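Participant: Just passing along the structure, written as structure tokens.
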There are 2 protein chains.
Amino acid sequence: MKVANTRNLHGHVTQELGVRIVSGALRPGDALPREEVLAEQMAVSRTALREAMRVLSAKGLVQARPKVGTRVREERYWQQLDADVLAWRCASMPTADFVQKLVEMREIFEPAGAALAARRCHADQFERIEQAYKAMEAASNSDEWAIADLAFHESVLVATHNELMISLFSVVETALGSYFLLSARKRSDFNYSLPYHRKVFEAIRQRQPEAARRAMQQMILDSRANMTGKRRRTSA
Amino acid sequence: MKVANTRNLHGHVTQELGVRIVSGALRPGDALPREEVLAEQMAVSRTALREAMRVLSAKGLVQARPKVGTRVREERYWQQLDADVLAWRCASMPTADFVQKLVEMREIFEPAGAALAARRCHADQFERIEQAYKAMEAASNSDEWAIADLAFHESVLVATHNELMISLFSVVETALGSYFLLSARKRSDFNYSLPYHRKVFEAIRQRQPEAARRAMQQMILDSRANMTGKRRRTSA
DNA sequence: CTGCGCATATTGTATGATTATATAGACGCA
DNA sequence: TGCGTCTATATAATCATACAATATGCGCAG
């Protein structure tokens with residue numbers, strides 16, 4: 001995962017406080033100690049602390065006002081789609097139902113994205129999709145496959161010519177990646193979904209939006225079934 | 001719009017630089033002057049400038065490294081779904097095709113959201129939807145209607161029990177709101193889409209996911225047609 | 001020609017002082 | 001007694017300055 005810049009001190013502070021808030025250790029409405037005290041508690045200077053606060057404030061997690069202090073904001077103000085906020089949730093949640101929500105997002109916009117891609121895909125973008133697909137075919141282990149898989153899905157979304165879609169993908173997929181790309185697929189039949197990808201690929205090539213949508217939908221539905229352990233063949 | 005905190009000095013600096021980057025005045029790869037110089041140019045202290053930089057860095061717009069300086073990052077690293085980034089784009093773009101992209105997002109996830117809502121809506125959440133719908137019925141001018149409309153769509157998304165969906169809505173809708181809620185709908189037939197809303201409302205009440213999806217889809221398609229001026233009846 | 005180390009420029013961190021701002025409580029007025 | 005205003009005060013916001021860490025590139029030696 002590792003989205004936030006943890007190389008710097010304020011990065012660490014941001015993450016530390018961010019996780020505390022997102023995980024519920026600090027709850028909405030709670031007041032944080034004043035800068036001077038909190039800085040001392042975390043063994044950093046006020047400068048570093050303030051820069052961290054600034055970031056958390058930009059993400060909607062806290063609100064600071066003179067005299068009244070700094071308070072954790074209510075969840076509805078949180079930028080839930082922020083890469084860091086998402087990462088912090090992944091790092092601190094009983095995963096089950098949150099993963100479910102992420103998958104739900106995928107189920108919604110990836111098929112739609114595939115359909116758009118089939119309509120608008122340019123030559124060079126198609127080439128990237130093809131490249132990714134061939135890399136999936138050629139993958140000899142689950143790591144290679146995971147990388148190619150990610151590239152495939154991304155290149156499809158790039159072909160939609162809608163950068164909002166790409167951003168949403170990148171955020172959701174990165175969060176999901178830490179779960180299923182690296183865990184559930186460490187198995188011998190890592191490439192079981194290749195036929196699905198081929199269908200999507202072909203549909204885009206032949207510019208058939210609805211076929212692309214259905215193929216992508218089936219792929220994700222099957223992927224979910226696989227994750228929840230309901231697939232029949234558990235090994236090759 | 002006004003998402004960013006412009007009451008504070010670093011808020012102004014953040015916005016100033018953010019707009020410059022998003023609008024293309026500063027392009028990816030460009031190096032910014034070093035902190036000391038830039039701070040002087042903007043007539044603020046290095047502290048204030050740095051806090052702004054920290055935020056821009058968190059949004060993926062810039063990257064700072066010792067010795068090498070601060071550079072504008074490539075667009076693919078930008079957090080396109082960040083409320084501020086989106087707002088800055090709205091403030092500085094030839095609107096036409098960007099609005100199209102926002103509408104495209106709506107077309108994808110709002111119908112899906114309506115379907116989910118029909119499946120999962122709890123009693124108190126349904127009450128909020130009903131409330132919003134009645135407020136739309138009762139609206140006597142376009143301002144009242146716009147508020148109720150927003151509340152309706154939001155309450156539907158809340159009923160999905162997926163806060164990622166809500167966040168996406170809030171971001172997209174806020175950006176769109178600045179265009180069509182306040183402009184295109186200043187007309188006598190501001191409530192022309194009430195029947196569509198009723199269909200969605202009824203479908204959710206009767207727990208008919210597919211009906212809810214279709215109704216929402218039709219509503220948005222018609223809304224787009226209306227925006228691009230293709231609707232037949234231009235007045236009551 | 002290559003690799004190692006040092007000089008240097010830039011961001012990163014720390015500290016202290018001063019200013020702006022919002023809250024609450026005191027004070028005065030009706 | 002009740003209300004508004006005014007002031008005291010706590011806190012964040014801003015500023016200025018000093019020092020530390022770090023990456024880059026150049027020079028020097030092998």
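Chains: A, B, ... in order of the structure tokens. Residues: from 1 per chain. Ligands: from 1, in order shown.
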If we count only C-alpha atoms, which residues of chain A reach to within 7 Å of chain B? Please list them as a ChimeraX atom specification.

Facilitator: /A:51,54-55,58,79-82,101,108-109,112,162,164,167

Participant: So that I can see what lies close to DC6 of chain D, please list as a PDB file with C-alpha atoms (C1' of nucleotides), in the first residue's frame the residues with an atom at most 12 Å from it, counting only C-alpha atoms (C1' of nucleotides) and leaving out residues fewer than 6 positions away in the same chain.

Facilitator:
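So the final result, stored in out-v9.pdb, reads:
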ATOM      1  C1'  DA C  24     -16.497  32.877  28.118  1.00  0.00           C
ATOM      2  C1'  DG C  25     -17.036  35.577  31.862  1.00  0.00           C
ATOM      3  C1'  DA C  26     -17.305  40.192  33.897  1.00  0.00           C
ATOM      4  C1'  DC C  27     -19.378  44.378  33.773  1.00  0.00           C
ATOM      5  C1'  DG C  28     -22.598  47.883  33.082  1.00  0.00           C
TER       6       DG C  28
END

Participant: Kindly provide the residues of chain B that approach chain C to within 7 Å, each paired with its closest atom pair and their distance in Å to one decimal, based on only C-alpha atoms (C1' of nucleotides), listed by chain and increasing number, as CSV.

Facilitator:
residue,atom,partner,partner_atom,distance
B:Arg65,CA,C:DT11,C1',6.1
B:Pro66,CA,C:DT11,C1',4.1
B:Lys67,CA,C:DT10,C1',3.8
B:Val68,CA,C:DT10,C1',6.4
B:Gly69,CA,C:DT10,C1',6.0

Participant: Got time to write the residues from that selection, N, CA and C atoms, as a CSV table (one decimal), in the first residue's frame?

Facilitator:
chain,number,residue,atom,x,y,z
B,65,ARG,N,11.6,17.2,-2.7
B,65,ARG,CA,12.8,16.4,-2.2
B,65,ARG,C,13.9,17.3,-1.9
B,66,PRO,N,14.7,17.0,-0.8
B,66,PRO,CA,15.8,17.8,-0.5
B,66,PRO,C,16.8,17.9,-1.6
B,67,LYS,N,17.4,19.0,-1.7
B,67,LYS,CA,18.5,19.3,-2.8
B,67,LYS,C,17.9,19.4,-4.2
B,68,VAL,N,16.9,18.6,-4.5
B,68,VAL,CA,16.4,18.6,-5.9
B,68,VAL,C,15.3,19.7,-6.1
B,69,GLY,N,14.6,20.0,-5.0
B,69,GLY,CA,13.6,21.0,-5.1
B,69,GLY,C,12.2,20.4,-5.2

Participant: Tell me the residues of chain D close to chain A, meaning within 12 Å using only C-alpha atoms (C1' of nucleotides), as a PDB file with N, CA and C atoms (P, O5', C5', C4', C3', O3' and C1' of nucleotides), in the first residue's frame.

Facilitator:
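See iface_28.pdb below for the written result:
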ATOM      1  P    DT D   9      -6.781  37.703  32.220  1.00  0.00           P
ATOM      2  O5'  DT D   9      -6.991  36.534  31.170  1.00  0.00           O
ATOM      3  C5'  DT D   9      -8.120  35.680  31.279  1.00  0.00           C
ATOM      4  C4'  DT D   9      -8.046  34.600  30.219  1.00  0.00           C
ATOM      5  C3'  DT D   9      -6.636  34.075  29.930  1.00  0.00           C
ATOM      6  O3'  DT D   9      -6.724  32.692  29.650  1.00  0.00           O
ATOM      7  C1'  DT D   9      -7.608  34.784  27.948  1.00  0.00           C
ATOM      8  P    DA D  10      -5.577  31.713  30.233  1.00  0.00           P
ATOM      9  O5'  DA D  10      -5.894  30.376  29.431  1.00  0.00           O
ATOM     10  C5'  DA D  10      -7.242  30.029  29.157  1.00  0.00           C
ATOM     11  C4'  DA D  10      -7.384  29.567  27.718  1.00  0.00           C
ATOM     12  C3'  DA D  10      -6.214  28.720  27.208  1.00  0.00           C
ATOM     13  O3'  DA D  10      -6.723  27.619  26.486  1.00  0.00           O
ATOM     14  C1'  DA D  10      -6.581  30.535  25.746  1.00  0.00           C
ATOM     15  P    DT D  11      -5.805  26.317  26.237  1.00  0.00           P
ATOM     16  O5'  DT D  11      -5.626  26.347  24.657  1.00  0.00           O
ATOM     17  C5'  DT D  11      -6.756  26.285  23.811  1.00  0.00           C
ATOM     18  C4'  DT D  11      -6.438  26.892  22.475  1.00  0.00           C
ATOM     19  C3'  DT D  11      -5.170  26.356  21.825  1.00  0.00           C
ATOM     20  O3'  DT D  11      -5.515  25.366  20.876  1.00  0.00           O
ATOM     21  C1'  DT D  11      -5.501  28.709  21.482  1.00  0.00           C
ATOM     22  P    DA D  12      -4.393  24.646  19.970  1.00  0.00           P
ATOM     23  O5'  DA D  12      -4.498  25.457  18.605  1.00  0.00           O
ATOM     24  C5'  DA D  12      -5.704  25.448  17.872  1.00  0.00           C
ATOM     25  C4'  DA D  12      -5.740  26.622  16.906  1.00  0.00           C
ATOM     26  C3'  DA D  12      -4.846  26.452  15.677  1.00  0.00           C
ATOM     27  O3'  DA D  12      -5.549  26.959  14.553  1.00  0.00           O
ATOM     28  C1'  DA D  12      -4.237  28.412  16.832  1.00  0.00           C
ATOM     29  P    DA D  13      -4.860  26.972  13.137  1.00  0.00           P
ATOM     30  O5'  DA D  13      -4.170  28.403  13.062  1.00  0.00           O
ATOM     31  C5'  DA D  13      -4.963  29.537  12.759  1.00  0.00           C
ATOM     32  C4'  DA D  13      -4.083  30.694  12.332  1.00  0.00           C
ATOM     33  C3'  DA D  13      -3.112  30.396  11.175  1.00  0.00           C
ATOM     34  O3'  DA D  13      -3.204  31.455  10.251  1.00  0.00           O
ATOM     35  C1'  DA D  13      -1.920  31.249  13.055  1.00  0.00           C
ATOM     36  P    DT D  14      -2.379  31.506   8.926  1.00  0.00           P
ATOM     37  O5'  DT D  14      -1.052  32.266   9.367  1.00  0.00           O
ATOM     38  C5'  DT D  14      -1.080  33.670   9.516  1.00  0.00           C
ATOM     39  C4'  DT D  14       0.244  34.132  10.044  1.00  0.00           C
ATOM     40  C3'  DT D  14       1.436  33.917   9.105  1.00  0.00           C
ATOM     41  O3'  DT D  14       1.788  35.183   8.565  1.00  0.00           O
ATOM     42  C1'  DT D  14       1.975  33.537  11.398  1.00  0.00           C
ATOM     43  P    DA D  21      20.910  15.353  11.950  1.00  0.00           P
ATOM     44  O5'  DA D  21      20.223  15.177  10.534  1.00  0.00           O
ATOM     45  C5'  DA D  21      18.808  15.025  10.473  1.00  0.00           C
ATOM     46  C4'  DA D  21      18.368  14.849   9.026  1.00  0.00           C
ATOM     47  C3'  DA D  21      19.081  13.732   8.264  1.00  0.00           C
ATOM     48  O3'  DA D  21      18.103  13.071   7.485  1.00  0.00           O
ATOM     49  C1'  DA D  21      19.326  15.770   7.098  1.00  0.00           C
ATOM     50  P    DT D  22      18.454  11.721   6.705  1.00  0.00           P
ATOM     51  O5'  DT D  22      18.511  12.212   5.187  1.00  0.00           O
ATOM     52  C5'  DT D  22      17.426  12.982   4.676  1.00  0.00           C
ATOM     53  C4'  DT D  22      17.752  13.472   3.289  1.00  0.00           C
ATOM     54  C3'  DT D  22      18.530  12.464   2.443  1.00  0.00           C
ATOM     55  O3'  DT D  22      17.980  12.483   1.149  1.00  0.00           O
ATOM     56  C1'  DT D  22      19.620  14.522   2.412  1.00  0.00           C
TER      57       DT D  22
END

Participant: What's around Ile147 of chain A at 10 Å? Count only C-alpha atoms (C1' of nucleotides), leave out sequence neighbours fewer than 5 positions away in its own chain, and write the answer as a PDB file with N, CA and C atoms, in the first residue's frame.

Facilitator:
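Output (part_3.pdb):
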ATOM      1  N   ALA A 132      -0.995  -5.815 -21.995  1.00  0.00           N
ATOM      2  CA  ALA A 132      -1.284  -6.312 -20.654  1.00  0.00           C
ATOM      3  C   ALA A 132      -1.892  -7.711 -20.721  1.00  0.00           C
ATOM      4  N   ALA A 135       0.695 -10.233 -21.430  1.00  0.00           N
ATOM      5  CA  ALA A 135       1.522 -10.443 -20.233  1.00  0.00           C
ATOM      6  C   ALA A 135       0.817 -11.386 -19.267  1.00  0.00           C
ATOM      7  N   MET A 136      -0.520 -11.289 -19.223  1.00  0.00           N
ATOM      8  CA  MET A 136      -1.280 -12.195 -18.357  1.00  0.00           C
ATOM      9  C   MET A 136      -1.178 -13.620 -18.880  1.00  0.00           C
ATOM     10  N   ALA A 139       2.201 -14.998 -17.993  1.00  0.00           N
ATOM     11  CA  ALA A 139       2.609 -15.019 -16.581  1.00  0.00           C
ATOM     12  C   ALA A 139       2.847 -16.447 -16.100  1.00  0.00           C
ATOM     13  N   SER A 142       2.123 -16.136  -9.698  1.00  0.00           N
ATOM     14  CA  SER A 142       1.034 -15.249  -9.300  1.00  0.00           C
ATOM     15  C   SER A 142       1.473 -13.788  -9.200  1.00  0.00           C
ATOM     16  N   PHE A 152      -3.862  -4.498 -16.888  1.00  0.00           N
ATOM     17  CA  PHE A 152      -4.997  -4.715 -17.787  1.00  0.00           C
ATOM     18  C   PHE A 152      -6.172  -3.837 -17.390  1.00  0.00           C
ATOM     19  N   LEU A 181      -5.000  -9.475  -4.249  1.00  0.00           N
ATOM     20  CA  LEU A 181      -3.915  -9.739  -5.194  1.00  0.00           C
ATOM     21  C   LEU A 181      -2.771 -10.470  -4.517  1.00  0.00           C
TER      22      LEU A 181
END
